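See below for data_30.cif, which holds mmCIF, C-alpha atoms and all ligand atoms.
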data_final
#
loop_
_atom_site.group_PDB
_atom_site.id
_atom_site.type_symbol
_atom_site.label_atom_id
_atom_site.label_comp_id
_atom_site.auth_asym_id
_atom_site.auth_seq_id
_atom_site.Cartn_x
_atom_site.Cartn_y
_atom_site.Cartn_z
ATOM 1 C CA MET A 1 -91.362 119.325 56.056
ATOM 2 C CA LEU A 2 -91.019 117.259 59.250
ATOM 3 C CA LYS A 3 -87.612 115.891 60.074
ATOM 4 C CA LEU A 4 -87.399 112.122 60.626
ATOM 5 C CA ALA A 5 -84.427 110.436 62.266
ATOM 6 C CA THR A 6 -83.820 106.764 62.945
ATOM 7 C CA THR A 7 -81.123 105.044 64.924
ATOM 8 C CA TRP A 8 -80.249 101.645 66.345
ATOM 9 C CA LEU A 9 -78.915 100.547 69.719
ATOM 10 C CA GLY A 10 -78.656 96.986 71.114
ATOM 11 C CA CYS A 11 -80.324 95.195 68.217
ATOM 12 C CA CYS A 12 -79.864 93.221 65.002
ATOM 13 C CA SER A 13 -80.953 95.953 62.516
ATOM 14 C CA GLY A 14 -83.908 93.794 61.445
ATOM 15 C CA CYS A 15 -86.382 96.513 62.390
ATOM 16 C CA HIS A 16 -84.717 98.928 59.981
ATOM 17 C CA ILE A 17 -84.670 96.249 57.305
ATOM 18 C CA SER A 18 -88.413 95.722 57.854
ATOM 19 C CA LEU A 19 -88.937 99.252 56.597
ATOM 20 C CA LEU A 20 -87.796 98.066 53.176
ATOM 21 C CA ASP A 21 -90.813 95.736 53.144
ATOM 22 C CA LEU A 22 -92.937 98.799 52.601
ATOM 23 C CA HIS A 23 -91.734 98.639 48.977
ATOM 24 C CA GLU A 24 -93.148 101.588 46.946
ATOM 25 C CA GLU A 25 -94.917 102.941 50.011
ATOM 26 C CA LEU A 26 -91.518 103.721 51.486
ATOM 27 C CA LEU A 27 -90.850 106.105 48.596
ATOM 28 C CA THR A 28 -94.194 107.820 49.198
ATOM 29 C CA LEU A 29 -93.345 108.161 52.875
ATOM 30 C CA LEU A 30 -89.877 109.521 52.183
ATOM 31 C CA LYS A 31 -91.393 112.235 49.964
ATOM 32 C CA LYS A 32 -93.286 113.541 52.978
ATOM 33 C CA VAL A 33 -90.321 113.838 55.380
ATOM 34 C CA GLU A 34 -86.800 115.122 55.474
ATOM 35 C CA LEU A 35 -84.707 112.135 56.528
ATOM 36 C CA VAL A 36 -81.909 113.597 58.648
ATOM 37 C CA HIS A 37 -80.322 110.543 60.278
ATOM 38 C CA CYS A 38 -80.631 106.880 59.372
ATOM 39 C CA PRO A 39 -77.824 104.330 59.766
ATOM 40 C CA VAL A 40 -78.991 102.121 56.889
ATOM 41 C CA LEU A 41 -79.447 104.880 54.329
ATOM 42 C CA MET A 42 -77.125 107.730 55.338
ATOM 43 C CA ASP A 43 -73.586 108.144 56.575
ATOM 44 C CA VAL A 44 -74.323 110.863 59.155
ATOM 45 C CA LYS A 45 -72.442 110.403 62.412
ATOM 46 C CA GLU A 46 -73.774 113.344 64.431
ATOM 47 C CA ILE A 47 -77.373 113.357 65.570
ATOM 48 C CA PRO A 48 -78.828 116.616 64.215
ATOM 49 C CA ASN A 49 -80.891 119.099 66.250
ATOM 50 C CA ASP A 50 -84.601 119.822 65.854
ATOM 51 C CA ILE A 51 -85.775 116.339 64.944
ATOM 52 C CA ASP A 52 -89.550 115.977 64.779
ATOM 53 C CA ILE A 53 -89.871 112.188 64.927
ATOM 54 C CA ALA A 54 -87.231 109.686 66.047
ATOM 55 C CA LEU A 55 -87.564 105.947 65.523
ATOM 56 C CA ILE A 56 -85.220 104.109 67.882
ATOM 57 C CA GLU A 57 -84.497 100.422 67.315
ATOM 58 C CA GLY A 58 -82.965 98.290 70.053
ATOM 59 C CA GLY A 59 -82.629 98.376 73.801
ATOM 60 C CA ILE A 60 -79.831 99.617 76.028
ATOM 61 C CA ARG A 61 -76.945 97.112 76.210
ATOM 62 C CA ASN A 62 -73.989 99.439 76.684
ATOM 63 C CA LYS A 63 -73.004 102.955 77.685
ATOM 64 C CA GLU A 64 -72.916 104.148 74.086
ATOM 65 C CA ASN A 65 -76.512 102.971 73.569
ATOM 66 C CA GLU A 66 -77.483 104.932 76.669
ATOM 67 C CA GLU A 67 -75.774 108.119 75.470
ATOM 68 C CA ILE A 68 -77.311 107.915 71.994
ATOM 69 C CA ALA A 69 -80.802 107.304 73.417
ATOM 70 C CA LYS A 70 -80.478 110.323 75.715
ATOM 71 C CA GLU A 71 -79.190 112.544 72.922
ATOM 72 C CA MET A 72 -82.032 111.473 70.623
ATOM 73 C CA ARG A 73 -84.539 112.221 73.379
ATOM 74 C CA LYS A 74 -83.037 115.655 73.893
ATOM 75 C CA LYS A 75 -83.175 116.493 70.208
ATOM 76 C CA ALA A 76 -86.467 114.907 69.120
ATOM 77 C CA LYS A 77 -90.016 116.077 69.803
ATOM 78 C CA ILE A 78 -91.499 112.586 69.418
ATOM 79 C CA VAL A 79 -89.627 109.387 70.266
ATOM 80 C CA ILE A 80 -90.904 106.001 69.132
ATOM 81 C CA ALA A 81 -89.550 102.730 70.558
ATOM 82 C CA PHE A 82 -89.296 100.760 67.337
ATOM 83 C CA GLY A 83 -89.495 96.972 67.630
ATOM 84 C CA THR A 84 -89.520 94.430 70.426
ATOM 85 C CA CYS A 85 -85.917 95.029 71.501
ATOM 86 C CA ALA A 86 -86.632 98.728 72.068
ATOM 87 C CA VAL A 87 -90.004 98.059 73.680
ATOM 88 C CA PHE A 88 -89.150 95.093 75.919
ATOM 89 C CA GLY A 89 -85.428 94.301 75.571
ATOM 90 C CA GLY A 90 -86.095 91.522 73.051
ATOM 91 C CA VAL A 91 -83.538 88.903 72.073
ATOM 92 C CA PRO A 92 -80.548 90.826 73.551
ATOM 93 C CA GLY A 93 -82.498 90.787 76.826
ATOM 94 C CA LEU A 94 -81.665 87.074 77.096
ATOM 95 C CA GLY A 95 -78.261 88.333 78.213
ATOM 96 C CA ASN A 96 -79.961 89.279 81.478
ATOM 97 C CA LEU A 97 -79.893 85.588 82.403
ATOM 98 C CA TYR A 98 -76.145 86.022 82.959
ATOM 99 C CA SER A 99 -73.992 88.571 84.730
ATOM 100 C CA LYS A 100 -71.974 91.103 82.773
ATOM 101 C CA ASP A 101 -68.749 89.318 83.802
ATOM 102 C CA GLU A 102 -70.070 85.917 82.703
ATOM 103 C CA ILE A 103 -70.946 87.336 79.281
ATOM 104 C CA LEU A 104 -67.529 88.974 78.810
ATOM 105 C CA GLU A 105 -65.742 85.829 79.972
ATOM 106 C CA LYS A 106 -67.709 83.661 77.560
ATOM 107 C CA VAL A 107 -67.465 85.960 74.547
ATOM 108 C CA TYR A 108 -63.813 86.932 74.850
ATOM 109 C CA LYS A 109 -62.260 83.863 76.457
ATOM 110 C CA SER A 110 -64.079 80.577 76.486
ATOM 111 C CA THR A 111 -66.039 79.966 73.295
ATOM 112 C CA LEU A 112 -64.591 77.182 71.161
ATOM 113 C CA SER A 113 -63.771 79.614 68.361
ATOM 114 C CA THR A 114 -61.980 82.143 70.589
ATOM 115 C CA LYS A 115 -58.214 82.458 70.432
ATOM 116 C CA ASN A 116 -57.155 84.890 73.124
ATOM 117 C CA ASP A 117 -53.953 83.539 74.687
ATOM 118 C CA GLU A 118 -53.417 86.670 76.771
ATOM 119 C CA GLY A 119 -56.985 86.601 78.072
ATOM 120 C CA ILE A 120 -57.537 90.270 77.280
ATOM 121 C CA ILE A 121 -61.048 91.641 77.532
ATOM 122 C CA PRO A 122 -61.158 94.849 75.432
ATOM 123 C CA ASN A 123 -62.096 97.884 77.481
ATOM 124 C CA GLU A 124 -60.966 100.849 75.399
ATOM 125 C CA GLU A 125 -62.386 100.422 71.890
ATOM 126 C CA VAL A 126 -65.576 98.682 73.039
ATOM 127 C CA PRO A 127 -68.176 100.646 75.033
ATOM 128 C CA PRO A 128 -68.691 99.180 78.529
ATOM 129 C CA LEU A 129 -71.750 96.977 78.962
ATOM 130 C CA THR A 130 -74.517 98.204 81.227
ATOM 131 C CA SER A 131 -75.309 95.924 84.157
ATOM 132 C CA ARG A 132 -78.268 94.509 82.193
ATOM 133 C CA VAL A 133 -80.237 95.076 79.003
ATOM 134 C CA LYS A 134 -82.944 97.691 79.492
ATOM 135 C CA PRO A 135 -85.885 98.592 77.299
ATOM 136 C CA LEU A 136 -85.749 102.147 76.020
ATOM 137 C CA SER A 137 -88.455 103.403 78.375
ATOM 138 C CA GLU A 138 -86.302 102.578 81.417
ATOM 139 C CA VAL A 139 -83.756 105.138 80.275
ATOM 140 C CA ILE A 140 -85.700 107.850 78.433
ATOM 141 C CA ASP A 141 -89.310 108.966 78.032
ATOM 142 C CA VAL A 142 -90.939 107.252 75.076
ATOM 143 C CA ASP A 143 -93.991 108.666 73.313
ATOM 144 C CA TYR A 144 -95.110 105.658 71.278
ATOM 145 C CA PHE A 145 -94.288 101.953 71.176
ATOM 146 C CA ILE A 146 -94.309 99.828 68.015
ATOM 147 C CA PRO A 147 -93.618 96.231 69.087
ATOM 148 C CA GLY A 148 -92.881 93.302 66.787
ATOM 149 C CA CYS A 149 -89.788 91.337 65.875
ATOM 150 C CA PRO A 150 -89.528 92.881 63.405
ATOM 151 C CA PRO A 151 -92.451 95.320 63.519
ATOM 152 C CA ASP A 152 -95.178 94.992 60.910
ATOM 153 C CA PRO A 153 -94.076 97.526 58.261
ATOM 154 C CA GLU A 154 -97.664 98.529 57.575
ATOM 155 C CA LEU A 155 -98.133 99.412 61.223
ATOM 156 C CA THR A 156 -94.951 101.486 61.166
ATOM 157 C CA ALA A 157 -96.176 103.297 58.035
ATOM 158 C CA LYS A 158 -99.588 103.932 59.626
ATOM 159 C CA VAL A 159 -98.034 105.356 62.780
ATOM 160 C CA LEU A 160 -95.686 107.599 60.815
ATOM 161 C CA SER A 161 -98.420 108.758 58.436
ATOM 162 C CA ALA A 162 -100.702 109.686 61.339
ATOM 163 C CA LEU A 163 -97.934 111.660 63.035
ATOM 164 C CA LEU A 164 -97.075 113.429 59.790
ATOM 165 C CA GLU A 165 -100.717 114.511 59.538
ATOM 166 C CA GLY A 166 -100.575 115.789 63.107
ATOM 167 C CA LYS A 167 -102.861 112.999 64.364
ATOM 168 C CA LYS A 168 -102.444 110.649 67.297
ATOM 169 C CA PRO A 169 -101.539 107.241 65.871
ATOM 170 C CA GLU A 170 -103.717 104.265 66.684
ATOM 171 C CA LEU A 171 -101.735 101.349 67.998
ATOM 172 C CA PRO A 172 -103.120 97.812 68.290
ATOM 173 C CA LYS A 173 -104.750 97.136 71.640
ATOM 174 C CA LYS A 174 -104.396 93.358 71.572
ATOM 175 C CA ASN A 175 -101.297 91.674 72.908
ATOM 176 C CA LEU A 176 -99.393 88.647 71.606
ATOM 177 C CA CYS A 177 -101.605 86.182 73.499
ATOM 178 C CA GLU A 178 -104.866 87.287 71.865
ATOM 179 C CA GLU A 179 -106.229 86.004 68.570
HETATM 180 FE FE1 LIG B 201 -83.896 92.411 65.468
HETATM 181 FE FE2 LIG B 201 -86.300 91.637 66.290
HETATM 182 FE FE3 LIG B 201 -84.817 93.170 67.851
HETATM 183 FE FE4 LIG B 201 -85.882 94.205 65.647
HETATM 184 S S1 LIG B 201 -86.992 93.462 67.420
HETATM 185 S S2 LIG B 201 -83.779 94.470 66.353
HETATM 186 S S3 LIG B 201 -85.806 92.437 64.268
HETATM 187 S S4 LIG B 201 -84.311 91.088 67.193
#

If you convert what's in this file into structure tokens, what do you get?
Amino acid sequence: MLKLATTWLGCCSGCHISLLDLHEELLTLLKKVELVHCPVLMDVKEIPNDIDIALIEGGIRNKENEEIAKEMRKKAKIVIAFGTCAVFGGVPGLGNLYSKDEILEKVYKSTLSTKNDEGIIPNEEVPPLTSRVKPLSEVIDVDYFIPGCPPDPELTAKVLSALLEGKKPELPKKNLCEE
């Protein structure tokens, strides 16, 4: 049975939640794979070896995201960028309109709801931000891209089913501007 892993990086978790919209089909899918890592369904911290298919949600916003993406790539035969954030940077990519220092200053010091009299910006418990948000393919090789915010669950199921049958999945050729 093929091993399926999922993970999330700089994202909102909505792509994972979209999987639940498969309803009963999700159960059928889960019968065909061994789920070995999935932050919404399992409490497994380590990324296991010998993954067949990895679905990665989210882009690269910090050093931890970068490390996880690289480890997934090392351990998975097929990597899928799952959702618009992973494919293009998505909503977190709006952070690229500002410098890293401007973001930290705003978030930790100057929002109306912030109380931080000592002006401390955490740098030990929080992974350092990367200079900008990057789509997954700027950091690791990606085999397939499933865009969408969140992705259409039926498309995700089709892609996974094709891969489980050893076939090349068909992805839509039209872009967002076409009818
Ligand atoms: Fe959330 Fe949309 Fe990004 Fe998925 S693509 S993580 S739903 S913002």

message = Neighbouring residues of ligand LIG 201 (chain B) are defined here as those with any atom at most 6 Å from a ligand atom, counting all atoms listed in the file; list them as an MDAnalysis selection string.
response = chainID A and resid 11:15 58 83:85 90:91 148:150

Neighbours of A:Leu35 within 9 Å (all atoms listed in the file; same-chain residues fewer than 3 positions away dropped), as an mmCIF file with C-alpha atoms, in the frame of the given file?
data_model
loop_
_atom_site.group_PDB
_atom_site.id
_atom_site.type_symbol
_atom_site.label_atom_id
_atom_site.label_comp_id
_atom_site.auth_asym_id
_atom_site.auth_seq_id
_atom_site.Cartn_x
_atom_site.Cartn_y
_atom_site.Cartn_z
ATOM 1 C CA LEU A 2 -91.019 117.259 59.250
ATOM 2 C CA LYS A 3 -87.612 115.891 60.074
ATOM 3 C CA LEU A 4 -87.399 112.122 60.626
ATOM 4 C CA ALA A 5 -84.427 110.436 62.266
ATOM 5 C CA THR A 6 -83.820 106.764 62.945
ATOM 6 C CA LEU A 30 -89.877 109.521 52.183
ATOM 7 C CA CYS A 38 -80.631 106.880 59.372
ATOM 8 C CA MET A 42 -77.125 107.730 55.338
#

query = Once the PyMOL selection byres (((chain A and resi 100-115) around 12) and not hetatm) has been applied to the shown file, what residues remain in the selection, as a VMD selection string?
reply = chain A and resid 61 to 62 92 94 to 99 116 to 123 126 128 to 133

key: Pairwise distance for atom CA of A:Ala54 and atom CA of A:Lys173, rounded to one decimal in Å   =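 It comes out at 22.3 Å.
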
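Using all atoms listed in the file for every distance, the candidate list A:Val40, A:Met72, A:Leu29, A:Ala86 yields A:Leu29 as the residue closest to A:Ala162.
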
request  = Please measure the separation of atom CA of A:Val44 and atom CA of A:Lys158, giving the value in Å to one decimal.
outcome  =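 Between atom CA of A:Val44 and atom CA of A:Lys158 the gap works out to 26.2 Å.
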
For A:Thr7: contacts at 7 Å, all atoms listed in the file, fewer than 3 positions along chain excluded, given as a PyMOL selection string = chain A and resi 38-39+55-57

Can you write just those residues out, C-alpha atoms, as a tab-separated table (two decimals), keeping the file's coordinate frame?
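Resulting contents of again_8.tsv:
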chain	number	residue	atom	x	y	z
A	38	CYS	CA	-80.63	106.88	59.37
A	39	PRO	CA	-77.82	104.33	59.77
A	55	LEU	CA	-87.56	105.95	65.52
A	56	ILE	CA	-85.22	104.11	67.88
A	57	GLU	CA	-84.50	100.42	67.32
